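Shown next: data.csv, given as CSV, C-alpha atoms.
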```csv
chain,number,residue,atom,x,y,z
A,16,MET,CA,39.5,-20.1,141.7
A,17,HIS,CA,39.5,-17.4,139.0
A,18,ASN,CA,40.6,-14.5,141.3
A,19,LYS,CA,44.2,-14.4,140.2
A,20,LEU,CA,43.3,-14.5,136.5
A,21,ILE,CA,40.6,-11.8,136.9
A,22,GLN,CA,43.1,-9.5,138.8
A,23,GLU,CA,45.6,-10.0,136.0
A,24,ILE,CA,43.0,-9.1,133.3
A,25,ILE,CA,41.9,-6.0,135.1
A,26,GLN,CA,45.5,-4.8,135.7
A,27,ASN,CA,46.2,-5.3,132.0
A,28,VAL,CA,43.4,-2.8,131.3
A,29,ILE,CA,40.3,-4.3,129.7
A,30,ILE,CA,39.2,-3.1,126.3
A,31,ARG,CA,36.6,-5.8,125.6
A,32,MET,CA,35.7,-9.2,127.2
A,33,THR,CA,33.2,-11.4,125.4
A,34,PHE,CA,31.7,-14.4,127.3
A,35,SER,CA,29.9,-17.0,125.3
A,36,ASN,CA,28.8,-20.7,125.2
A,37,PRO,CA,27.0,-21.0,128.6
A,38,PHE,CA,27.3,-24.2,130.6
A,39,LYS,CA,23.5,-24.4,130.8
A,40,LYS,CA,21.6,-24.2,127.5
A,41,SER,CA,18.7,-22.9,129.5
A,42,ASN,CA,20.7,-19.8,130.5
A,43,GLU,CA,18.8,-16.6,129.7
A,44,PHE,CA,21.8,-14.8,128.4
A,45,LYS,CA,23.7,-16.5,125.5
A,46,LYS,CA,26.5,-14.0,125.4
A,47,ILE,CA,27.8,-11.1,127.6
A,48,VAL,CA,30.1,-8.4,126.3
A,49,VAL,CA,32.0,-6.1,128.7
A,50,ASP,CA,33.5,-2.9,127.3
A,51,LYS,CA,35.7,-0.4,129.2
A,52,LEU,CA,34.7,3.2,128.9
A,53,ASP,CA,36.4,6.2,130.4
A,54,ASP,CA,35.4,5.7,134.0
A,55,GLU,CA,33.2,2.7,134.0
A,56,TYR,CA,32.3,-0.6,132.2
A,57,ARG,CA,29.4,-1.1,129.9
A,58,VAL,CA,27.8,-4.6,130.0
A,59,SER,CA,25.7,-5.9,127.1
A,60,LYS,CA,23.7,-9.1,127.9
A,61,TYR,CA,22.4,-10.9,124.8
A,62,THR,CA,19.4,-13.2,124.9
A,63,SER,CA,18.2,-15.0,121.8
A,64,THR,CA,16.3,-12.0,120.7
A,65,GLN,CA,17.3,-9.0,122.7
A,66,VAL,CA,20.2,-7.1,124.3
A,67,PHE,CA,20.2,-5.5,127.7
A,68,HIS,CA,22.7,-2.9,128.9
A,69,GLN,CA,24.0,-1.9,132.3
A,70,ASN,CA,27.0,0.1,133.5
A,71,LEU,CA,29.4,-1.0,136.3
A,72,LYS,CA,31.9,0.9,138.3
A,73,ASP,CA,35.5,-0.2,138.9
A,74,ASP,CA,34.6,-1.6,142.3
A,75,ASP,CA,32.0,-4.0,140.8
A,76,ILE,CA,33.8,-5.4,137.8
A,77,HIS,CA,35.8,-8.1,139.7
A,78,ASN,CA,32.8,-9.9,141.1
A,79,PHE,CA,30.9,-9.5,137.8
A,80,LEU,CA,33.7,-11.2,135.9
A,81,ALA,CA,33.9,-14.0,138.5
A,82,GLU,CA,30.2,-14.7,137.9
A,83,CYS,CA,30.7,-14.7,134.2
A,84,PHE,CA,33.5,-17.3,134.5
A,85,THR,CA,31.2,-19.6,136.4
A,86,THR,CA,28.4,-19.2,133.8
A,87,PHE,CA,30.2,-19.4,130.5
A,88,LYS,CA,32.7,-21.9,129.0
A,89,GLN,CA,34.4,-19.4,126.7
A,90,CYS,CA,35.9,-15.9,127.1
A,91,ASP,CA,37.7,-13.9,124.4
A,92,GLY,CA,39.3,-10.8,125.8
A,93,LYS,CA,41.2,-7.8,124.5
A,94,VAL,CA,43.4,-5.8,126.8
A,95,ILE,CA,45.9,-3.1,126.1
A,96,LYS,CA,48.8,-5.5,126.1
A,97,GLY,CA,47.3,-8.3,124.1
A,98,ASN,CA,44.5,-10.9,123.6
A,99,TYR,CA,43.1,-13.6,125.9
A,100,ASN,CA,41.6,-16.9,124.7
A,101,ILE,CA,40.1,-18.6,127.8
A,102,ARG,CA,38.2,-21.9,128.1
A,103,VAL,CA,36.6,-23.3,131.3
A,104,ASN,CA,35.7,-27.0,131.5
A,105,LYS,CA,32.9,-28.5,133.6
A,106,LYS,CA,35.2,-29.1,136.5
A,107,GLY,CA,36.1,-25.4,136.6
A,108,ASN,CA,39.6,-25.9,135.2
A,109,VAL,CA,40.9,-23.0,133.2
A,110,LEU,CA,42.7,-23.3,129.8
A,111,ARG,CA,44.1,-20.0,128.9
A,112,ARG,CA,46.2,-18.5,126.1
A,113,PHE,CA,47.6,-15.0,126.0
A,114,THR,CA,49.0,-13.4,122.9
A,115,GLU,CA,51.0,-10.2,123.3
A,116,GLN,CA,49.8,-7.4,121.1
A,117,GLN,CA,49.6,-3.7,121.5
A,118,ASN,CA,45.9,-2.8,121.3
A,119,THR,CA,44.1,0.5,121.4
A,120,ASN,CA,40.6,1.0,122.6
A,121,MET,CA,38.8,1.6,119.3
A,122,LEU,CA,35.5,1.5,121.0
A,123,GLN,CA,36.2,4.7,122.9
A,124,HIS,CA,37.5,6.3,119.7
A,125,ASP,CA,34.3,5.3,117.9
A,126,ARG,CA,32.1,6.5,120.7
A,127,SER,CA,33.7,9.9,120.6
A,128,LYS,CA,32.5,10.1,117.0
A,129,ASN,CA,29.1,8.8,118.0
A,130,TYR,CA,29.0,5.8,115.7
A,131,ILE,CA,25.7,4.0,116.1
A,132,LEU,CA,27.3,0.6,115.4
A,133,ASP,CA,29.4,0.5,118.6
A,134,HIS,CA,28.9,-3.2,118.8
A,135,TYR,CA,30.6,-3.8,115.4
A,136,ALA,CA,32.8,-6.6,116.8
A,137,ASP,CA,29.7,-8.7,117.5
A,138,MET,CA,28.3,-8.4,114.0
A,139,PRO,CA,29.2,-11.5,112.0
A,140,ILE,CA,28.3,-9.8,108.6
A,141,LEU,CA,31.1,-7.2,109.2
A,142,LYS,CA,33.6,-10.0,109.7
A,143,GLU,CA,32.2,-11.7,106.6
A,144,LEU,CA,32.9,-8.5,104.6
A,145,LYS,CA,36.3,-8.3,106.2
A,146,ILE,CA,35.5,-4.9,107.7
A,147,VAL,CA,36.1,-6.2,111.2
A,148,SER,CA,39.2,-8.4,111.6
A,149,HIS,CA,39.4,-11.7,113.5
A,150,ASP,CA,40.7,-9.8,116.6
A,151,ASN,CA,37.6,-7.6,116.5
A,152,GLN,CA,39.1,-4.4,115.2
A,153,ILE,CA,37.9,-2.3,112.3
A,154,ARG,CA,40.5,-2.7,109.6
A,155,ASN,CA,42.2,0.5,108.7
A,156,ASP,CA,41.6,0.1,105.0
A,157,MET,CA,37.9,-0.6,105.6
A,158,PHE,CA,37.2,2.3,108.0
A,159,ASP,CA,35.5,4.4,105.3
A,160,LYS,CA,33.3,1.5,104.4
A,161,PHE,CA,32.3,1.1,108.1
A,162,LYS,CA,31.4,4.8,108.3
A,163,GLN,CA,29.2,4.5,105.2
A,164,ILE,CA,27.4,1.4,106.6
A,165,ASN,CA,27.1,3.2,110.0
A,166,LYS,CA,25.6,6.2,108.3
A,167,TYR,CA,22.9,4.1,106.6
A,168,VAL,CA,21.9,2.5,109.9
A,169,GLU,CA,21.9,5.9,111.5
A,170,LEU,CA,19.5,7.3,108.8
A,171,VAL,CA,17.1,4.4,109.3
A,172,ASP,CA,17.3,4.6,113.1
A,173,ASP,CA,16.5,8.4,113.0
A,174,LEU,CA,13.4,7.7,110.9
A,175,ILE,CA,11.8,5.4,113.4
A,176,LYS,CA,13.1,6.7,116.7
A,177,LYS,CA,10.1,9.1,117.3
A,178,ASP,CA,7.8,6.1,117.3
A,179,ASN,CA,10.1,3.7,119.1
A,180,PRO,CA,8.5,0.6,117.5
A,181,LYS,CA,8.7,-2.7,119.3
A,182,LYS,CA,7.8,-4.8,116.2
A,183,LEU,CA,8.5,-4.2,112.5
A,184,LYS,CA,7.9,-6.0,109.3
A,185,ILE,CA,10.4,-4.8,106.7
A,186,VAL,CA,10.5,-5.6,103.0
A,187,ASP,CA,13.8,-4.8,101.1
A,188,PHE,CA,13.2,-4.7,97.3
A,189,GLY,CA,16.2,-5.4,95.1
A,190,SER,CA,18.2,-6.5,98.1
A,191,GLY,CA,21.0,-7.9,96.0
A,192,LYS,CA,24.0,-9.2,98.1
A,193,SER,CA,22.2,-7.7,101.1
A,194,TYR,CA,25.1,-6.7,103.4
A,195,LEU,CA,23.1,-3.6,104.4
A,196,THR,CA,20.1,-5.8,105.0
A,197,PHE,CA,22.1,-8.1,107.3
A,198,VAL,CA,23.6,-5.1,109.2
A,199,LEU,CA,20.2,-3.5,109.7
A,200,TYR,CA,18.7,-6.8,110.9
A,201,GLU,CA,21.5,-7.2,113.4
A,202,TYR,CA,21.2,-3.6,114.7
A,203,LEU,CA,17.4,-3.4,114.9
A,204,HIS,CA,16.9,-7.0,116.3
A,205,PHE,CA,19.9,-7.5,118.7
A,206,GLN,CA,20.9,-3.9,119.6
A,207,LYS,CA,17.5,-2.2,119.6
A,208,GLY,CA,15.6,-5.3,120.7
A,209,ILE,CA,12.9,-4.9,118.0
A,210,GLU,CA,10.9,-8.0,117.1
A,211,LEU,CA,11.5,-8.3,113.4
A,212,GLU,CA,10.3,-10.0,110.3
A,213,MET,CA,12.6,-8.9,107.5
A,214,ILE,CA,12.3,-10.1,103.8
A,215,GLY,CA,14.8,-9.4,101.1
A,216,ILE,CA,13.4,-9.7,97.5
A,217,ASP,CA,15.5,-9.9,94.3
A,218,LEU,CA,15.2,-11.5,90.9
A,219,LYS,CA,18.6,-13.2,91.0
A,220,GLU,CA,18.0,-16.7,92.3
A,221,GLN,CA,21.7,-17.5,93.1
A,222,VAL,CA,22.0,-14.3,95.1
A,223,ILE,CA,18.9,-15.3,97.0
A,224,LEU,CA,20.3,-18.8,97.7
A,225,ASP,CA,23.6,-17.3,98.9
A,226,ASN,CA,21.7,-14.9,101.2
A,227,GLN,CA,19.5,-17.6,102.6
A,228,ALA,CA,22.6,-19.7,103.4
A,229,LEU,CA,24.3,-16.8,105.1
A,230,ALA,CA,21.2,-16.0,107.2
A,231,LYS,CA,21.0,-19.6,108.3
A,232,ARG,CA,24.7,-19.7,109.2
A,233,PHE,CA,24.3,-16.5,111.3
A,234,GLY,CA,21.2,-17.9,113.0
A,235,TYR,CA,19.0,-15.0,111.8
A,236,GLU,CA,15.7,-16.8,112.1
A,237,HIS,CA,13.5,-13.9,111.1
A,238,LEU,CA,15.4,-12.8,108.0
A,239,SER,CA,14.3,-14.4,104.8
A,240,PHE,CA,14.9,-14.0,101.1
A,241,ILE,CA,12.8,-14.7,98.1
A,242,ALA,CA,13.3,-14.6,94.3
A,243,LYS,CA,10.3,-12.9,92.8
A,244,ASP,CA,9.2,-10.1,90.5
A,245,ILE,CA,7.9,-7.1,92.4
A,246,ASN,CA,4.6,-7.3,90.5
A,247,GLU,CA,4.0,-10.8,92.0
A,248,ILE,CA,4.5,-9.8,95.6
A,249,LYS,CA,1.5,-9.9,97.8
A,250,MET,CA,1.9,-9.1,101.5
A,251,ASN,CA,0.0,-7.5,104.4
A,252,ASP,CA,1.0,-5.4,107.4
A,253,VAL,CA,4.3,-4.2,106.0
A,254,ASP,CA,5.7,-1.5,108.2
A,255,MET,CA,8.8,-0.4,106.2
A,256,MET,CA,9.7,-0.6,102.6
A,257,ILE,CA,13.4,-0.2,101.6
A,258,SER,CA,14.5,0.2,98.0
A,259,LEU,CA,18.2,0.9,97.4
A,260,HIS,CA,19.4,1.6,93.8
A,261,ALA,CA,16.4,0.2,92.1
A,262,CYS,CA,17.0,1.2,88.5
A,263,ASP,CA,14.7,3.8,86.8
A,264,VAL,CA,11.0,2.9,87.1
A,265,ALA,CA,11.8,0.0,89.5
A,266,THR,CA,11.9,2.6,92.2
A,267,ASP,CA,8.4,3.7,91.3
A,268,LEU,CA,7.2,0.1,91.4
A,269,ALA,CA,8.6,-0.2,94.9
A,270,LEU,CA,7.2,3.1,96.0
A,271,ASN,CA,3.8,2.1,94.6
A,272,LYS,CA,3.9,-1.1,96.7
A,273,ALA,CA,4.7,0.9,99.8
A,274,LEU,CA,1.7,3.2,99.1
A,275,GLU,CA,-0.6,0.2,98.5
A,276,TRP,CA,0.6,-1.3,101.8
A,277,LYS,CA,0.3,2.0,103.6
A,278,CYS,CA,3.8,1.5,105.0
A,279,LYS,CA,4.7,3.6,108.0
A,280,TYR,CA,8.2,4.1,106.8
A,281,ILE,CA,9.9,4.3,103.4
A,282,ILE,CA,13.6,4.4,102.5
A,283,ALA,CA,14.5,4.8,98.8
A,284,VAL,CA,17.7,5.6,97.0
A,285,PRO,CA,16.8,5.9,93.3
A,286,CYS,CA,19.2,5.6,90.4
A,287,CYS,CA,19.2,5.7,86.6
A,288,HIS,CA,16.5,8.2,86.0
A,289,ASN,CA,16.0,7.4,82.3
A,290,GLU,CA,12.2,7.7,82.0
A,291,VAL,CA,12.0,11.4,82.4
A,292,TYR,CA,15.3,12.0,80.7
A,293,ARG,CA,14.1,10.4,77.4
A,294,GLN,CA,10.9,12.5,77.4
A,295,MET,CA,12.1,15.9,78.8
A,296,LYS,CA,11.3,19.0,76.7
A,297,SER,CA,11.0,22.6,77.8
A,298,ASP,CA,10.1,25.8,76.0
A,299,VAL,CA,11.4,27.8,79.0
A,300,PHE,CA,14.6,25.8,79.7
A,301,SER,CA,15.5,24.6,76.2
A,302,LYS,CA,19.0,26.0,76.3
A,303,MET,CA,19.7,24.0,79.5
A,304,ILE,CA,18.5,20.7,78.3
A,305,ASP,CA,20.4,21.0,75.0
A,306,HIS,CA,23.4,19.9,77.1
A,307,ASN,CA,23.1,16.1,77.9
A,308,ILE,CA,25.0,16.3,81.2
A,309,ILE,CA,22.7,19.1,82.5
A,310,LYS,CA,19.6,17.4,81.1
A,311,GLU,CA,20.6,14.2,82.9
A,312,ARG,CA,21.1,15.9,86.2
A,313,LEU,CA,18.0,18.0,85.8
A,314,SER,CA,15.8,15.0,84.9
A,315,SER,CA,17.1,13.1,88.0
A,316,LEU,CA,16.0,16.0,90.2
A,317,VAL,CA,12.7,16.4,88.5
A,318,THR,CA,12.0,12.6,88.8
A,319,ASP,CA,12.7,12.5,92.5
A,320,THR,CA,10.8,15.7,93.1
A,321,VAL,CA,7.7,14.1,91.6
A,322,ARG,CA,8.2,11.1,93.8
A,323,VAL,CA,8.5,13.2,96.9
A,324,ASN,CA,5.4,15.2,96.0
A,325,VAL,CA,3.4,12.0,95.4
A,326,LEU,CA,4.4,10.8,98.9
A,327,GLN,CA,3.4,14.1,100.5
A,328,TYR,CA,0.1,14.1,98.6
A,329,ARG,CA,-0.5,10.6,100.0
A,330,GLY,CA,0.1,11.6,103.6
A,331,TYR,CA,3.8,11.2,104.2
A,332,GLN,CA,6.3,13.6,105.8
A,333,THR,CA,9.4,13.4,103.5
A,334,GLN,CA,13.0,14.3,103.4
A,335,ILE,CA,15.6,14.2,100.7
A,336,ILE,CA,19.2,13.5,102.0
A,337,GLU,CA,22.5,13.2,100.2
A,338,TYR,CA,23.8,9.7,100.6
A,339,VAL,CA,26.8,7.7,99.6
A,340,ASP,CA,27.0,3.9,100.2
A,341,SER,CA,30.1,3.0,98.3
A,342,ASP,CA,33.7,4.2,97.9
A,343,HIS,CA,33.2,4.1,94.1
A,344,SER,CA,29.7,5.5,93.8
A,345,LEU,CA,28.6,9.1,93.3
A,346,LYS,CA,26.5,10.9,95.8
A,347,ASN,CA,22.9,9.8,95.5
A,348,LEU,CA,19.7,11.2,97.0
A,349,MET,CA,17.9,9.2,99.7
A,350,ILE,CA,14.2,9.7,100.0
A,351,ARG,CA,13.0,9.1,103.6
A,352,ALA,CA,9.3,9.2,104.4
A,353,ARG,CA,7.1,8.6,107.4
A,354,LEU,CA,3.4,8.3,107.3
A,355,THR,CA,1.7,11.1,109.2
A,356,HIS,CA,-1.7,11.2,107.4
A,357,HIS,CA,-1.1,14.9,106.6
A,358,TYR,CA,-2.2,15.0,103.0
A,359,ASP,CA,-0.5,17.9,101.2
A,360,GLU,CA,-2.8,19.2,98.4
A,361,ALA,CA,-0.2,21.7,97.4
A,362,ALA,CA,2.0,18.8,96.4
A,363,LEU,CA,-0.4,18.0,93.6
A,364,ALA,CA,-0.1,21.5,92.2
A,365,SER,CA,3.7,21.1,92.2
A,366,ILE,CA,3.4,17.9,90.2
A,367,HIS,CA,1.2,19.6,87.6
A,368,GLU,CA,3.6,22.5,87.3
A,369,LEU,CA,6.6,20.2,86.8
A,370,LYS,CA,4.7,18.2,84.1
A,371,THR,CA,3.7,21.4,82.3
A,372,THR,CA,7.2,22.8,82.4
A,373,TYR,CA,9.1,19.7,81.3
A,374,GLN,CA,6.5,17.8,79.3
A,375,PHE,CA,6.8,14.2,80.6
A,376,GLU,CA,4.8,11.3,81.9
A,377,HIS,CA,5.8,9.5,85.1
A,378,THR,CA,5.3,5.8,86.0
A,379,LEU,CA,4.5,6.5,89.7
A,380,LEU,CA,1.8,9.0,88.7
A,381,GLN,CA,0.2,6.4,86.4
A,382,LEU,CA,0.4,3.7,89.0
A,383,GLN,CA,-1.2,6.0,91.6
A,384,ASN,CA,-3.8,7.2,89.1
A,385,ILE,CA,-2.7,10.9,89.6
A,386,LYS,CA,-3.7,12.9,86.5
```

When written as structure tokens, how does the structure in this file appear?
Amino acid sequence: MHNKLIQEIIQNVIIRMTFSNPFKKSNEFKKIVVDKLDDEYRVSKYTSTQVFHQNLKDDDIHNFLAECFTTFKQCDGKVIKGNYNIRVNKKGNVLRRFTEQQNTNMLQHDRSKNYILDHYADMPILKELKIVSHDNQIRNDMFDKFKQINKYVELVDDLIKKDNPKKLKIVDFGSGKSYLTFVLYEYLHFQKGIELEMIGIDLKEQVILDNQALAKRFGYEHLSFIAKDINEIKMNDVDMMISLHACDVATDLALNKALEWKCKYIIAVPCCHNEVYRQMKSDVFSKMIDHNIIKERLSSLVTDTVRVNVLQYRGYQTQIIEYVDSDHSLKNLMIRARLTHHYDEAALASIHELKTTYQFEHTLLQLQNIK
């Protein structure tokens, strides 16, 4: 019954076909996405919690699409010449609409650049942010923002890939409007198939209410948000702590929680390093810190160096990476850490040397009782 339509779709050169709304609610797969690559098709089959991938050759695609049309009520397709909107009723009758439009295979373009979010069209948060258009394309004026989001997910993925965890409990301090939290949840849960419990924490109650409503609308059952002060948070078995742009000592409060919980992974992007800036003195480098701009930059580097040394002293393998998450923000430093239980005693000597040279106290040192 669908042979003629399927032949037409294939002849028009498939870019992406998305099948959804199965006839049977008990159907294992809730959605199937078919993407055309250079010489084959990639199929992504979505359950309620996971995604499974397989590749099909040209000879196999006709029968596979026929099976999809008997399983799902809805198909939204993109081909080189335009877009399909197809509905199948219980009797098998097909209602179809085709809109002519010259499309390009953005997925192949993205894959050539190795973007980790190659399922961007299936991420509702990217449409909510208007990064992905209603016809499932990355908007030209938002492509830089997409690359920034992609880079963030890439950095998190790289941190955990050695362990290949099947289950993660993640706490995101100062989650704010949380678009990165939503994207990371979508990637780790649906694309990587990781069983997640993810909690965003912020002081702004209205922001938390908005995030809760959005998570409910997207059907993200294991993503929650709470309005609470960091000092009031009591949790167990947290695997990853994320803290993006927590101002000044708020980063130290977050890092201290991660150390208390013995988190396996830590992601922190500090900002506003005022504590050390206000105290910094130096007999050796007095001419440098007479200049406020130099003093500001130096105090930021000293502050984050102390943080990294504390993590190394407490058994973490650490990295500092240059990171930008906004078109309008300066480049920041991201601290990535993974618990290896290799306790670096030399890091303690480095902390003492920095304190002696620049004459300051540091909140994380006090919280960790490091003299």

Identify, on the basis of only C-alpha atoms, every residue whose closest approach to Val66 of chain A does not exceed 12 Å; exclude the query and any residue fewer than 3 positions from it along the same chain; express the result as an MDAnalysis selection string. chainID A and resid 43:48 58:63 69 134 137 201:210

Under the rule of at most 12 Å, produce a per-residue listing of segment 147-253 of chain A near segment 348-371 of chain A: chain, number, name, the closest pair of atoms, and the distance in Å, as JSON lines, using all atoms listed in the file.
```
{"residue": "A:Lys166", "atom": "CA", "partner": "A:Met349", "partner_atom": "CA", "distance": 11.9}
{"residue": "A:Tyr167", "atom": "CA", "partner": "A:Met349", "partner_atom": "CA", "distance": 9.9}
{"residue": "A:Leu170", "atom": "CA", "partner": "A:Arg351", "partner_atom": "CA", "distance": 8.5}
{"residue": "A:Val171", "atom": "CA", "partner": "A:Arg351", "partner_atom": "CA", "distance": 8.4}
{"residue": "A:Asp172", "atom": "CA", "partner": "A:Arg351", "partner_atom": "CA", "distance": 11.4}
{"residue": "A:Asp173", "atom": "CA", "partner": "A:Arg351", "partner_atom": "CA", "distance": 10.1}
{"residue": "A:Leu174", "atom": "CA", "partner": "A:Arg353", "partner_atom": "CA", "distance": 7.3}
{"residue": "A:Ile175", "atom": "CA", "partner": "A:Arg353", "partner_atom": "CA", "distance": 8.3}
{"residue": "A:Lys176", "atom": "CA", "partner": "A:Arg353", "partner_atom": "CA", "distance": 11.2}
{"residue": "A:Lys177", "atom": "CA", "partner": "A:Arg353", "partner_atom": "CA", "distance": 10.4}
{"residue": "A:Asp178", "atom": "CA", "partner": "A:Arg353", "partner_atom": "CA", "distance": 10.2}
```

Which residues come within 12 Å of Glu247 of chain A, counting all atoms listed in the file, excluding same-chain residues fewer than 4 positions away, as number ranges by chain? A: 216-218, 241-243, 268-269, 272

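In terms of minimum interatomic distance to Tyr331 of chain A, A:Lys279 ranks closest within A:Arg31, A:His288, A:Lys279, A:Lys51, counting all atoms listed in the file.
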
With distances taken over only C-alpha atoms, which of A:Ser301, A:Asn70, A:Thr64, A:Gln381 is nearest to Val49 of chain A? A:Asn70

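The spacing separating atom CA of Leu229 of chain A from atom CA of Lys192 of chain A amounts to 10.3 Å.
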
Measuring atom to atom with only C-alpha atoms, identify which of A:Phe188, A:Leu80, A:Cys287, A:Ser35 is nearest to Lys19 of chain A. A:Leu80

Might you pull out every residue within 9 Å of Ile153 of chain A, with all atoms listed in the file counted and same-chain residues fewer than 5 positions away left off, and present them as a list in words? Met121, Tyr135, Ala136, Leu141, Lys145, Ile146, Val147, Ser148, Phe158 and Phe161 of chain A

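Selection around (32.5, -13.4, 141.3) with radius 12 Å, counting only C-alpha atoms, yields the residues Met16, His17, Asn18, Lys19, Leu20, Ile21, Gln22, Asp75, Ile76, His77, Asn78, Phe79, Leu80, Ala81, Glu82, Cys83, Phe84, Thr85 and Thr86 of chain A.
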
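Atom CA of Cys262 of chain A is positioned 17.2 Å from atom CA of Glu376 of chain A.
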
Please write out, as AutoDock Vina command-line options, where the centre of an axis-aligned box around all listed atoms of segment 255-260 of chain A lies and how long its edges are, in Å to one decimal, after adding 8 Å on each side.
```
--center_x 14.1 --center_y 0.5 --center_z 100.0 --size_x 26.6 --size_y 18.2 --size_z 28.4
```

Separating atom CA of Gln89 of chain A from atom CA of Val103 of chain A, to the nearest tenth of an Å, is a gap of 6.4 Å

So, counting all atoms listed in the file, which residue among A:Lys40, A:Thr33, A:Leu195, A:Thr266 is closest to Arg102 of chain A? A:Thr33

Sorted by chain and rising residue number, which residues of segment 234-279 of chain A lie within 9 Å of segment 308-327 of chain A, and what are their closest atom pairs and distances in Å to one decimal, counting all atoms listed in the file, as a Markdown table?
```
| residue | atom | partner | partner_atom | distance |
| --- | --- | --- | --- | --- |
| A:Asp267 | CA | A:Arg322 | CA | 7.8 |
| A:Leu270 | CA | A:Arg322 | CA | 8.4 |
| A:Leu274 | CA | A:Leu326 | CA | 8.1 |
```

Taking C-alpha atoms for each residue, export the selection above as a compact mmCIF listing (two decimals), keeping the file's coordinate frame.
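Heads up, here's the output in result35.txt:
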```
# COMPACT_ATOMS: atom_id res chain seq x y z
CA ASP A 267 8.40 3.70 91.30
CA LEU A 270 7.20 3.10 96.00
CA LEU A 274 1.70 3.20 99.10
```

Under the rule that only C-alpha atoms are counted, which of A:Gly330, A:Gly107, A:Gly189, A:Gly234 is the nearest residue to Ala283 of chain A? A:Gly189
